[in-house]
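Asks: Quick one: the structure is below, questions incoming.
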Amino acid sequence: MHVEEKFTHETWPASPEKATLEAKNKFLGFWFFLGGETVLFASLFATYLALKDRVPNTHQALAKDLFELPLTFTATMLLLTSSLTSVYAMYHMKNFAFKKMLLWLGLTVLLGFGFLGLEIYEFNHYVHAFHHTFTSSAFGSAFYTLVGFHGAHVAFGLLWIITLMARNAKRGLNLYNAPKFYVASLYWHFIDVVWVFIFTVVYLMGMVG
Amino acid sequence: MSTYAKKQGFGATLWDFLTTVDHKKIAILYLIAGGFFFVVGGLEALFIRIQLAVPNNDFVSAGLYNQIMTMHGTTMIFLAAMPLIFAFMNAVMPLQIGARDVAFPFVNALGFWLFFFGGVFLNLSWFLGGAPDAGWTSYASLAVASKGHGVDFYLLGLQISGFGTLIGGINFLVTIINMRAPGMTYMRMPMFTWATFVTSALILFAFPPLTIGLVLMMFDRLFGAKFFEVSMGGNTIIWEHLFWIFGHPEVYILILPAFGIFSETFAIFSRKRLFGYSSMVFALVLIGFLGFMVWAHHMFADGLGPVTNAIFAVATMAIGVPTGIKIFNWLFTMWGGSVKFTTPMLYAVAFIPSFVAGGVTGVMLASAAADYQYHDSYFVVAHFHYVIVGGVVLALLGGTHLYWPKIFGTMLNETLGKITFWLFLIGFHLTFFIQHFLGLWGMPRRVFTYLPGQGFETANMVSSVGAFFMAAGVIVLLINIITTSVKNVRVGNDPWGDGRTLEWALSSPPPFYNYKQLPLVRGLDAYWIEKMEGKKGLTPAEPLGDIHMPNSSFLPFMMSFGLFVAAFGAMYHGEHGTWAFPVLFLGLAITLGSMFLRSVKDDHGFHIHKEDLMDDDEKGVKA
Amino acid sequence: MKRLAKWRLISLFAILALVLSGCGKPYLSTLQPAGDVAEMQFGLMKLSTYIMIGVIIVVTVIFLLVLVKFRRKDENMIPKQVEGNHRLEIIWTVIPILLLLILAVPTVATTFNLANVSPMDKKNADGKHNVLVVNVRANLYWWEFEYPDLGIVTSQELVVPTNQKVYFNLKSSDVKHSFWIPAVGGKLDVNPENVNKFWLEFDNKKADEAGNLFYGKCAELCGESHALMDFKVKAIDKDKFQTWVRAMQNVKKPQEATTASAQEGQQIFSKSCIGCHAVTPTNSTPIAARIAPNMTNFGERSRVAGILPHTKESIKNWIKNPEKYKPGNKMAGKYPTMSDAQLNALADYLMSLKVQK
Amino acid sequence: MANHQLNSGNPRVDIEYRRKKNAEDMRYQIVSFSLMMFLTLIAFAAVAIKGFEATFIKPFIILLAAVQVIFQLYYFMHMNHKGHEAPKLFLYGGVTVGFTIILTFTTIIWW
Ligand code: HEA
Ligand code: HEA
Ligand code: CUA
Ligand SMILES: [Cu+2]
């Protein structure tokens with residue numbers, strides 16, 4: 001019996017993401033990795049909080065000058081919705097509905113790109129309208145590093161999901177790739193978790209002052 | 001050194017090791033690389049001691065001294081002690097839990113190569129314009145101001161090898177949770193496995209802050225960020241916190257596996273089960289937990305305020321309690337036992353007073369108000385060499401003797417082993433005991449020289465002499481390794497005669513699939529139980545069947561090599577943009593390309609068939 | 001047996017006390033405390049050392065018993081496999097906790113006591129402190145001491161009155177350093193981003209024993225010459241201190257050299273050196289402009305550049321090649337090369353810079 | 001590794017039951033998603049509507065974020081399912097360490 005064994009609706013296991021030992025290992029290992037990522041992002045958040053509004057002179061923009069609600073709100077909606085679409089994808093994965101899974105993953109990817117686009121626009125805007133750059137102050141460095149790290153995670157997640165979709169487009173679901181899809185979706189949710197804190201701590205709290 | 005190394009040509013063996021994903025071979029790689037870096041770090045230590053032997057010495061210049069001192073600390077901690085610990089974890093832990101390999105063999109190899117290339121990168125700094133010179137702690141204000149690329153080597157090198165350590169930690173965690181043999185409950189796991197587990201958890205939570213610290217400083221130094229630039233709103237204390245949030249758990253990452261090795265040693269050579277097993281486990285977990293709550297004791301003199309200092313002082317002292325529990329449990333393991341003083345046991349026995357001496361000076365340091373006097377003086381140097389050399393290094397040397405037959409199938413010579421032991425032990429105390437007093441007499445650490453007339457002369461000379469005893473001990477060990485490898489007398493499964501845990505039931509070295517049939521574990525010290533019931537081997541938990549094994553792969557090497565190349569590009573992009581950027585992208589392309597290959601090329605491994613297993617019966621587990 | 005153990009213990013403690021108090025130099029050693037702060041810290045050090053010696057003795061006794069009693073004699077003996085012992089385990093959990101409590105309480109108390117700088121906050125009617133305050137500024141390899149309320153600045157050698165609390169503000173002008181006078185009290189870091197405050201007291205009798213000159217050190221790696229970033233502390237009684245302060249305050253403009261050679265030196269100095277080195281003690285110059293040690297009372301100091309003997313020869317050597325004595329210092333290469341005659345003149349001039357004739 | 005205990009061959013798997021179970025799960029997901037959206041809206045509204053004290057808004061929106069994240073973890077990432085004991089342990093471990101770091105950086109790093 002082989003992991004690439006062809007499945008039918010009848011033979012597809014209830015928890016394909018944990019059906020083999022490899023899958024179980026992957027599942028657990030990935031969760032531990034997320035535990036480490038939690039500390040990673042906590043370090044970045046902590047640094048940001050320590051350096052928030054630390055600028056060399058009074059001409060430079062502070063958090064409350066920079067951020068605007070509509071932009072952040074749109075970005076948040078895009079990313080939160082992408083979480084739901086990826087949940088749908090996993091729902092179809094469990095039901096062995098490969099095409100539908102791909103569809104929902106596709107949607108997730110689109111939303112992710114939308115989010116990234118907004119972020120790029122936003123950074124560009126700060127640089128040109130406020131001269132708030134990566135090197136203009138400790139505040140600038142901390143802001144771009146925290147938000148940029150998250151953005152890089154989004155970008156990597158997109159690459160990952162696209163690769164998975166492309167690689168498996170022809171061969172459908174099996175017990176070798178199902179855990180991969182599952183783990184990628186965990187990663188995507190984790191990115192969302194981080195964003196919830198970013199929009200709260202960086203943007204909303206920044207606007208409050 | 002080992003059977004399979006002899007049977008093949010050199011090229012084939014080399015290729016075998018470059019592509020292996022077998023935890024036992026990866027262990028050998030860690031052992032060799034870590035051993036090499038230990039000698040490098042030791043030579044640096046000797047240079048330090050030569051320079052400080054007499055006042056106003058000019059053996060090395062001030063700048064060079066700072067580089068040697070920094071590289072000594074960095075090399076010893078990151079490139080010698082940690083990899084050697086990983087060597088034993090890899091060699092022993094999967095065998096101890098009755099597994100055929102770790103959870104992610106590919107990742108295991110990747111972890112090694114990342115460490116290796118990170119270490120090589122760091123040490124290339126010697127030849128490329130100077131090594132880092134801001135201390136192993138690389139405090140921000142000095143490190144950012146440091147000229148040349150030394151500190152960049154530190155940042156990038158540690159970043160690369162740090163990734164290797166992190167994924168190694170995750171790998172061990174998953175292995176221990178998912179791959180235990182039937183019947184191996186958590187409370188039946190050997191102590192070394194427990195130590196591996198807690199250590200890996202510490203790695204998982206301690207390395208991310210270091211990663212971030214390194215990233216921030218790299219951004220400052222190479223890309224113009226302002227995290228640590230005070231005039232631009234930056235704050236250097238951020239680095240100190242991030243470093244020590246990592247740094248303090250790091251010292252327990254070093255010592256807990258050492259505790260693990262000694263726990264095994266005491267039980268084996270006392271012929272007695274570990275006294276107070278469950279409280280040992282409890283103490284281990286508690287030390288791990290408390291380890292994250294005390295880091296600011298390295299910053300008592302920073303001016304964080306009395307409230308902070310008082311809280312961290314008390315929290316730090318608390319660690320003495322679980323550590324004490326372990327010490328007394330070891331003593332009582334020997335109590336009533338039948339203690340045989342083999343070389344590994346000598347190390348274990350010598351460890352107790354040495355480590356206790358170092359531990360109690362730790363508690364003295366924890367007394368914040370008094371630490372204002374000790375801090376950054378030779379008293380601290382004495383403290384941490386007592387715990388590190390008297391704890392970690394003794395464990396590594398003892399572990400080398402203990403597990404050598406299991407790893408290579410031949411014993412180290414006991415007489416030479418004991419000579420090494422005595423030379424090293426005497427040298428160690430000679431070098432570091434007197435340093436307590438140097439510190440108390442007012443000698444700061446990290447000084448490239450000292451002026452006459454301050455009363456430091458004699459003590460420093462004594463200390464330097466001691467270092468050469470240690471060096472002599474290490475040289476005898478190297479001779480021991482070479483001569484016994486040449487003789488290559490093969491040994492059986494349980495060469496010490498008193499093995500208690502599963503690994504001693506396997507041949508030495510074990511077959512590459514470890515267990516022909518997974519063993520059934522019926523209690524703590526599984527192999528001992530079988531022996532006491534008069535059985536020769538283990539009770540199998542499954543019928544003989546095909547064994548699934550992972551394929552070897554060259555990709556881990558390539559992925560790490562790519563990062564190694566990219567690091568040069570990142571470092572030189574400031575002044576050599578023309579070639580540095582292409583190099584950066586080339587390196588990243590190699591890494592990402594290898595990752596891409598890995599993910600699109602399915603790798604399902606292969607099966608060893610039942611029939612083949614039956615053939616080499618004489619080598620495998622007698623089940 | 002019991003009595004023997006007791007006797008051993010006492011003698012051990014006696015030897016220990018001897019080792020602890022009798023060692024090191026009185027002007028440098030933490031084991032010969034010369035002030036309140038060091039005294040308190042020494043108390044903690046002694047207390048903790050006694051506890052730790054106790055711990056070590058207990059461990060060693062059990063250890064030796066094990067080594068002697070339980071050697072393997074019979075190759076075939078299989079000892080009883082003991083699981084553990086609750087009573088013992090409770091003992092060795094509780095006793096260390098108690099010992100640690102004994103140490104923790106005075107630790108916390110002392111930590112708070114040493115951090116008490118509230119008198120620094122109070123100022124009198126004309127905006128001056130009621131207590132003596134010194135602003136310490138650490139620079140790559142030299143120290144500056146400013147007395148804000150007295151309007152004077154000096155370098156390399158801190159002058160303080162004995163038997164009274166002196167309060168310090170610490171600030172770095174470049175990288176992190178650490179301010180440490182081992183015999184008088186523990187160190188405090190000198191950070192680039194904040195002002196650290198603490199106090200010290202210098203004991204009159206101990207200062208006498210130490211020849212009125214304590215050694216100070218930089219205790220944080222700060223670059224190549226970190227090892228040589230020494231300073232000295234001249235601890236004198238209150239009256240002498242007042243005299244010194246008045247003498248310093250009297251120097252309103254650069255002192256005129258008297259001998260011919262010194263006059264020549266002064267000319268050279270005014271051309272090549274004055275840009276960095278001030279020869280008046282006022283603190284009206286902005287901090288950013290104070291980039292080298294203040295020389296007002298150079299002739300009365302005990303070292304050149306903090307480390308060299310206070311002789312003309314040292315001065316000449318220093319000016320000829322400062323890099324040789326303090327690698328990486330900020331003076332080397334910033335002024336024209338001097339001939340031997342010029343060096344001689346400069347040395348004469350510098351030696352003549354005294355405020356208390 | 002060796003023991004693939006695939007349940008692929010099990011004929012007694014009740015697909016209909018599983019379908020229903022999955023669909024039910026999905027309904028929970030949608031409910032929690034709506035709640036999350038709702039919480040997000042409140043958070044943004046709290047900031048958009050001027051007039052609240054900053055000392056109130058800050059803890060309030062952080063609380064909302066925490067609740068949201070619990071939804072994400074427990075529903076979207078299935079931490080409410082069985083077999084997530086180890087993930088929980090290590091995630092909370094990470095959260096504890098992370099929280100300590102943030103606490104430190106907001107209290108004992110000075111100007
Ligand atoms: C393996 C490494 C290791 C280990 C295990 C330890 C263990 C401990 N360390 Fe150490 N430490 C270092 C490595 C290590 N350390 C290093 C490398 C540095 C310097 C870094 C640098 O600046 O470069 C350092 C520095 C350091 C400092 C900062 C000093 C300074 O810079 O000012 C402090 C302060 O509290 C400290 C405390 C402790 C304590 C309390 C323990 C405890 O865990 C010790 C516990 C053990 C015992 C106490 C002994 C056994 C117990 C009993 C027998 C029971 C009874 C005991 C009592 C009642 C006391 N250490
Ligand atoms: C695992 C950690 C570890 C280990 C094992 C050691 C081992 C030793 N260290 Fe350690 N040391 C540190 C970690 C370690 N050190 C750290 C972290 C620092 C702080 C750095 C900083 O301040 O930033 C430090 C700093 C430090 C200092 C203080 C420097 C200063 O403050 O200026 C000194 C001084 O004596 C010293 C000495 C020694 C000595 C003599 C050994 C000996 O035990 C070494 C013994 C080993 C050998 C002697 C091997 C020699 C081998 C050969 C001779 C073989 C030759 C053969 C061939 C060439 C084939 N070390
Ligand atoms: Cu200043 Cu060291
Ligand atoms: Cu520590």
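In the structure tokens, the first chain shown is A, the next is B, and so on; residue numbers restart at 1 for each chain, and ligands run from 1 in the order shown.
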So which residues touch Thr483 (chain B) within 12 Å, counting only C-alpha atoms, skipping near sequence neighbours fewer than 5 positions away, as a list of chain:residue names?

Replies: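 The filter keeps B:Met1, B:Thr410, B:Met411, B:Leu412, B:Asn413, B:Leu416, B:Val476, B:Leu477, B:Leu478, B:Asn488, B:Val489.
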
Asks: Apply DSSP to the backbone of this structure and, from region 358-606 of chain B, keep only the residues in helix (DSSP H, G or I); write these as a PyMOL selection string.

Replies: chain B and resi 358-366+368-374+378-408+414-440+457-487+502-505+526-532+555-572+577-600

Asks: Compile the contact shell of region 73-88 of chain D as a list of chain:residue names: residues with an atom at most 9 Å away, counting only C-alpha atoms, same-chain residues fewer than 5 positions apart removed.

Replies: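 Answer for this query is A:Leu28, A:Gly29, A:Phe30, A:Trp31, A:Phe32, A:Leu34, A:Gly35, A:Ser83, A:Leu84, A:Ser86, A:Val87, A:Ser185, A:Leu186, A:His189, A:Phe190, A:Val193, B:Ile177, D:Asp25, D:Tyr28, D:Gln29, D:Ser32, D:Phe33, D:Gln68, D:Gly93.
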
Asks: Which residues are near ligand 4 in this structure, taking near to mean any atom at most 9 Å from a ligand atom and counting only C-alpha atoms and all ligand atoms? Format them as a PDB file with N, CA, C and O atoms, in the first residue's frame.

Replies:
```pdb
ATOM      1  N   TRP B 244      19.497  38.287  25.973  1.00  0.00           N
ATOM      2  CA  TRP B 244      19.486  37.479  27.200  1.00  0.00           C
ATOM      3  C   TRP B 244      18.220  36.655  27.346  1.00  0.00           C
ATOM      4  O   TRP B 244      18.228  35.621  28.018  1.00  0.00           O
ATOM      5  N   GLY B 247      19.692  34.177  25.732  1.00  0.00           N
ATOM      6  CA  GLY B 247      20.968  33.744  26.295  1.00  0.00           C
ATOM      7  C   GLY B 247      20.838  32.948  27.571  1.00  0.00           C
ATOM      8  O   GLY B 247      21.543  31.969  27.775  1.00  0.00           O
ATOM      9  N   HIS B 248      19.914  33.363  28.436  1.00  0.00           N
ATOM     10  CA  HIS B 248      19.837  32.562  29.636  1.00  0.00           C
ATOM     11  C   HIS B 248      19.284  31.162  29.373  1.00  0.00           C
ATOM     12  O   HIS B 248      19.906  30.181  29.775  1.00  0.00           O
ATOM     13  N   PRO B 249      18.136  31.029  28.683  1.00  0.00           N
ATOM     14  CA  PRO B 249      17.714  29.662  28.342  1.00  0.00           C
ATOM     15  C   PRO B 249      18.823  28.882  27.632  1.00  0.00           C
ATOM     16  O   PRO B 249      18.973  27.688  27.826  1.00  0.00           O
ATOM     17  N   GLU B 250      19.621  29.590  26.845  1.00  0.00           N
ATOM     18  CA  GLU B 250      20.708  28.920  26.141  1.00  0.00           C
ATOM     19  C   GLU B 250      21.632  28.178  27.114  1.00  0.00           C
ATOM     20  O   GLU B 250      22.051  27.057  26.836  1.00  0.00           O
ATOM     21  N   VAL B 251      21.921  28.779  28.251  1.00  0.00           N
ATOM     22  CA  VAL B 251      22.835  28.072  29.143  1.00  0.00           C
ATOM     23  C   VAL B 251      22.181  26.811  29.700  1.00  0.00           C
ATOM     24  O   VAL B 251      22.848  25.819  29.967  1.00  0.00           O
ATOM     25  N   TYR B 252      20.858  26.831  29.809  1.00  0.00           N
ATOM     26  CA  TYR B 252      20.200  25.580  30.212  1.00  0.00           C
ATOM     27  C   TYR B 252      20.073  24.617  29.052  1.00  0.00           C
ATOM     28  O   TYR B 252      20.032  23.401  29.252  1.00  0.00           O
ATOM     29  N   GLY B 291      13.904  28.917  33.599  1.00  0.00           N
ATOM     30  CA  GLY B 291      14.957  29.451  32.746  1.00  0.00           C
ATOM     31  C   GLY B 291      14.520  30.654  31.923  1.00  0.00           C
ATOM     32  O   GLY B 291      15.335  31.470  31.517  1.00  0.00           O
ATOM     33  N   VAL B 294      14.331  34.592  34.155  1.00  0.00           N
ATOM     34  CA  VAL B 294      15.436  35.122  34.966  1.00  0.00           C
ATOM     35  C   VAL B 294      16.470  35.920  34.173  1.00  0.00           C
ATOM     36  O   VAL B 294      17.458  36.349  34.731  1.00  0.00           O
ATOM     37  N   TRP B 295      16.210  36.132  32.875  1.00  0.00           N
ATOM     38  CA  TRP B 295      17.303  36.626  32.034  1.00  0.00           C
ATOM     39  C   TRP B 295      17.902  37.941  32.501  1.00  0.00           C
ATOM     40  O   TRP B 295      19.080  38.198  32.289  1.00  0.00           O
ATOM     41  N   ALA B 296      17.080  38.786  33.160  1.00  0.00           N
ATOM     42  CA  ALA B 296      17.601  40.114  33.488  1.00  0.00           C
ATOM     43  C   ALA B 296      18.695  40.058  34.548  1.00  0.00           C
ATOM     44  O   ALA B 296      19.286  41.088  34.872  1.00  0.00           O
ATOM     45  N   HIS B 297      19.008  38.854  35.083  1.00  0.00           N
ATOM     46  CA  HIS B 297      20.125  38.824  36.039  1.00  0.00           C
ATOM     47  C   HIS B 297      21.463  39.110  35.355  1.00  0.00           C
ATOM     48  O   HIS B 297      22.460  39.334  36.028  1.00  0.00           O
ATOM     49  N   HIS B 298      21.462  39.101  34.024  1.00  0.00           N
ATOM     50  CA  HIS B 298      22.676  39.510  33.321  1.00  0.00           C
ATOM     51  C   HIS B 298      22.734  41.024  33.175  1.00  0.00           C
ATOM     52  O   HIS B 298      23.702  41.560  32.666  1.00  0.00           O
ATOM     53  N   THR B 316      15.854  34.126  40.082  1.00  0.00           N
ATOM     54  CA  THR B 316      17.077  33.402  39.738  1.00  0.00           C
ATOM     55  C   THR B 316      17.471  32.428  40.844  1.00  0.00           C
ATOM     56  O   THR B 316      17.823  31.277  40.580  1.00  0.00           O
ATOM     57  N   GLY B 362      26.758  30.877  41.058  1.00  0.00           N
ATOM     58  CA  GLY B 362      25.633  31.450  40.313  1.00  0.00           C
ATOM     59  C   GLY B 362      24.624  32.075  41.252  1.00  0.00           C
ATOM     60  O   GLY B 362      24.148  33.190  41.022  1.00  0.00           O
TER      61      GLY B 362
END
```

Asks: Give me, as a ChimeraX atom specification, all polymer residues having an atom no more than 12 Å from Glu75 (chain C), counting only C-alpha atoms and skipping those fewer than 6 positions away in the same chain.

Replies: /B:269-271,337-340,497-498

Asks: Would you output that residue set with C-alpha atoms, as a PDB file, in the first residue's frame?

Replies:
```pdb
ATOM      1  CA  PHE B 269      27.816   2.408  36.562  1.00  0.00           C
ATOM      2  CA  SER B 270      26.027   2.221  39.894  1.00  0.00           C
ATOM      3  CA  ARG B 271      23.949  -0.678  38.552  1.00  0.00           C
ATOM      4  CA  GLY B 337      24.821   1.012  44.443  1.00  0.00           C
ATOM      5  CA  SER B 338      27.763  -0.899  43.116  1.00  0.00           C
ATOM      6  CA  VAL B 339      29.852   1.900  41.713  1.00  0.00           C
ATOM      7  CA  LYS B 340      32.424   1.145  39.050  1.00  0.00           C
ATOM      8  CA  GLY B 497      28.058  -4.696  30.665  1.00  0.00           C
ATOM      9  CA  ASP B 498      25.541  -2.689  32.645  1.00  0.00           C
TER      10      ASP B 498
END
```

Asks: Using only C-alpha atoms and all ligand atoms, find each protein or nucleic acid residue lying at most 7 Å from ligand 1; present the set as a VMD selection string.

Replies: (chain B and resid 136 to 137 251 to 252 254 to 255 297 to 300 313 316 to 317 319 to 321 323 to 325 327 355 to 360 362 to 363 365 to 367 371 374 to 376 380 to 381 383 to 384 387 to 388 391 to 392) or (chain C and resid 52 55 to 56 59 96 to 97 99 to 100)

Asks: Okay, now the selection with N, CA and C atoms, as a compact mmCIF listing (two decimals), in the first residue's frame?

Replies:
```txt
# COMPACT_ATOMS: atom_id res chain seq x y z
N TRP B 136 30.88 37.88 22.87
CA TRP B 136 29.90 36.94 22.33
C TRP B 136 28.49 37.49 22.52
N THR B 137 28.35 38.45 23.44
CA THR B 137 27.06 39.07 23.66
C THR B 137 26.80 40.21 22.70
N VAL B 251 21.92 28.78 28.25
CA VAL B 251 22.83 28.07 29.14
C VAL B 251 22.18 26.81 29.70
N TYR B 252 20.86 26.83 29.81
CA TYR B 252 20.20 25.58 30.21
C TYR B 252 20.07 24.62 29.05
N LEU B 254 22.42 24.15 27.19
CA LEU B 254 23.71 23.46 27.27
C LEU B 254 23.73 22.46 28.42
N ILE B 255 23.20 22.85 29.57
CA ILE B 255 23.44 22.02 30.75
C ILE B 255 22.44 20.87 30.86
N HIS B 297 19.01 38.85 35.08
CA HIS B 297 20.13 38.82 36.04
C HIS B 297 21.46 39.11 35.36
N HIS B 298 21.46 39.10 34.02
CA HIS B 298 22.68 39.51 33.32
C HIS B 298 22.73 41.02 33.17
N MET B 299 21.65 41.68 33.58
CA MET B 299 21.55 43.12 33.35
C MET B 299 21.37 43.89 34.67
N PHE B 300 21.77 43.26 35.77
CA PHE B 300 21.62 43.92 37.06
C PHE B 300 22.28 45.29 37.08
N ALA B 313 16.27 38.81 40.87
CA ALA B 313 17.20 38.18 41.81
C ALA B 313 16.53 36.98 42.47
N THR B 316 15.85 34.13 40.08
CA THR B 316 17.08 33.40 39.74
C THR B 316 17.47 32.43 40.84
N MET B 317 17.39 32.90 42.06
CA MET B 317 17.77 32.02 43.17
C MET B 317 16.93 30.75 43.17
N ILE B 319 16.04 28.85 40.97
CA ILE B 319 16.53 27.75 40.14
C ILE B 319 17.46 26.84 40.92
N GLY B 320 18.04 27.35 41.97
CA GLY B 320 18.91 26.50 42.77
C GLY B 320 18.17 25.29 43.34
N VAL B 321 16.87 25.46 43.61
CA VAL B 321 16.13 24.37 44.25
C VAL B 321 15.99 23.13 43.36
N THR B 323 17.67 22.37 40.79
CA THR B 323 18.99 21.85 40.47
C THR B 323 19.53 21.04 41.64
N GLY B 324 19.28 21.54 42.85
CA GLY B 324 19.70 20.80 44.03
C GLY B 324 19.04 19.43 44.07
N ILE B 325 17.74 19.40 43.75
CA ILE B 325 17.03 18.12 43.73
C ILE B 325 17.77 17.13 42.85
N ILE B 327 20.98 17.17 41.96
CA ILE B 327 22.28 16.79 42.54
C ILE B 327 22.10 15.68 43.58
N PHE B 355 30.41 21.12 39.44
CA PHE B 355 29.22 21.86 39.05
C PHE B 355 28.58 22.55 40.25
N VAL B 356 28.56 21.87 41.38
CA VAL B 356 27.96 22.51 42.56
C VAL B 356 28.72 23.79 42.88
N ALA B 357 30.05 23.74 42.78
CA ALA B 357 30.81 24.97 43.03
C ALA B 357 30.41 26.07 42.07
N GLY B 358 30.24 25.71 40.81
CA GLY B 358 29.82 26.72 39.84
C GLY B 358 28.40 27.18 40.07
N GLY B 359 27.54 26.25 40.44
CA GLY B 359 26.13 26.60 40.66
C GLY B 359 25.97 27.54 41.83
N VAL B 360 26.68 27.28 42.92
CA VAL B 360 26.49 28.14 44.08
C VAL B 360 27.07 29.54 43.83
N GLY B 362 26.76 30.88 41.06
CA GLY B 362 25.63 31.45 40.31
C GLY B 362 24.62 32.07 41.25
N VAL B 363 24.32 31.37 42.33
CA VAL B 363 23.36 31.92 43.28
C VAL B 363 23.93 33.17 43.95
N LEU B 365 25.85 35.27 42.46
CA LEU B 365 25.66 36.32 41.45
C LEU B 365 24.23 36.80 41.42
N ALA B 366 23.32 35.89 41.75
CA ALA B 366 21.91 36.25 41.70
C ALA B 366 21.55 37.29 42.75
N SER B 367 22.39 37.42 43.75
CA SER B 367 22.13 38.41 44.78
C SER B 367 22.44 39.80 44.21
N ASP B 371 25.90 41.51 43.10
CA ASP B 371 26.34 41.34 41.71
C ASP B 371 26.90 42.64 41.14
N TYR B 374 30.30 41.78 41.42
CA TYR B 374 30.82 40.67 40.60
C TYR B 374 30.74 40.94 39.11
N HIS B 375 29.68 41.64 38.72
CA HIS B 375 29.35 41.73 37.30
C HIS B 375 30.54 42.18 36.46
N ASP B 376 30.68 41.53 35.30
CA ASP B 376 31.75 41.85 34.36
C ASP B 376 33.14 41.84 34.99
N VAL B 380 32.67 36.40 37.37
CA VAL B 380 31.67 35.85 36.45
C VAL B 380 32.32 34.84 35.50
N VAL B 381 33.51 35.18 35.02
CA VAL B 381 34.22 34.24 34.14
C VAL B 381 34.42 32.91 34.87
N HIS B 383 32.61 31.76 37.40
CA HIS B 383 31.31 31.10 37.54
C HIS B 383 30.95 30.31 36.29
N PHE B 384 30.99 30.97 35.15
CA PHE B 384 30.41 30.25 34.02
C PHE B 384 31.34 29.19 33.47
N VAL B 387 30.44 26.13 35.62
CA VAL B 387 29.24 25.39 35.20
C VAL B 387 29.41 24.82 33.80
N ILE B 388 30.05 25.58 32.91
CA ILE B 388 30.15 25.09 31.53
C ILE B 388 31.21 24.00 31.42
N GLY B 391 30.47 21.34 34.01
CA GLY B 391 29.22 20.63 33.74
C GLY B 391 29.18 20.13 32.31
N VAL B 392 29.07 21.07 31.38
CA VAL B 392 28.85 20.68 29.99
C VAL B 392 30.04 19.93 29.41
N MET C 52 26.92 29.12 50.89
CA MET C 52 27.38 28.25 49.82
C MET C 52 28.41 27.25 50.32
N VAL C 55 26.51 24.53 51.83
CA VAL C 55 25.97 23.63 50.81
C VAL C 55 27.06 22.71 50.28
N ILE C 56 28.21 23.29 49.98
CA ILE C 56 29.29 22.49 49.40
C ILE C 56 29.73 21.42 50.39
N VAL C 59 27.20 18.55 50.39
CA VAL C 59 27.34 17.73 49.18
C VAL C 59 28.62 16.91 49.24
N PRO C 96 17.04 23.90 50.95
CA PRO C 96 17.53 24.95 50.04
C PRO C 96 16.59 26.14 49.95
N ILE C 97 15.28 25.89 49.99
CA ILE C 97 14.35 27.03 49.93
C ILE C 97 14.59 27.96 51.12
N LEU C 99 17.35 28.25 52.89
CA LEU C 99 18.64 28.92 52.73
C LEU C 99 18.51 30.09 51.78
N LEU C 100 17.77 29.87 50.70
CA LEU C 100 17.64 30.94 49.72
C LEU C 100 16.86 32.11 50.29
```

Asks: Which chain C residues are at most 10 Å from chain D (counting only C-alpha atoms), as a tab-separated table (two decimals) with N, CA, C and O atoms, in the first residue's frame?

Replies:
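This is the output file out26.tsv:
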```
chain	number	residue	atom	x	y	z
C	193	GLU	N	21.79	55.89	26.25
C	193	GLU	CA	20.44	56.45	26.09
C	193	GLU	C	19.77	56.93	27.36
C	193	GLU	O	18.66	57.44	27.29
C	194	ASN	N	20.39	56.77	28.50
C	194	ASN	CA	19.71	57.27	29.69
C	194	ASN	C	20.73	57.72	30.71
C	194	ASN	O	21.93	57.49	30.56
C	195	VAL	N	20.24	58.35	31.76
C	195	VAL	CA	21.13	58.77	32.83
C	195	VAL	C	20.90	57.84	34.01
C	195	VAL	O	19.79	57.73	34.52
```

Asks: May I ask you to write as a PyMOL selection string all residues lying at most 8 Å from ligand 3, with only C-alpha atoms and all ligand atoms counted?

Replies: chain C and resi 138-142+175-178+217-223+225-229

Asks: What residues have any atom no more than 6 Å from ligand 2 when counting only C-alpha atoms and all ligand atoms, and can you list them as a list in words?

Replies: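 Sorted by chain and then by number, the residues are Val39, Gly42, Leu43, Ala45, Leu46, Ile48, Arg49, Met69, Thr70, Gly73, Met76, Ile77, Ala81, Gly135, Trp136, Thr137, Val381, Ile388, Val389, Val393, Arg445, Arg446, Val447, Ala467, Met470, Ala471, Val474 and Ile475 of chain B.
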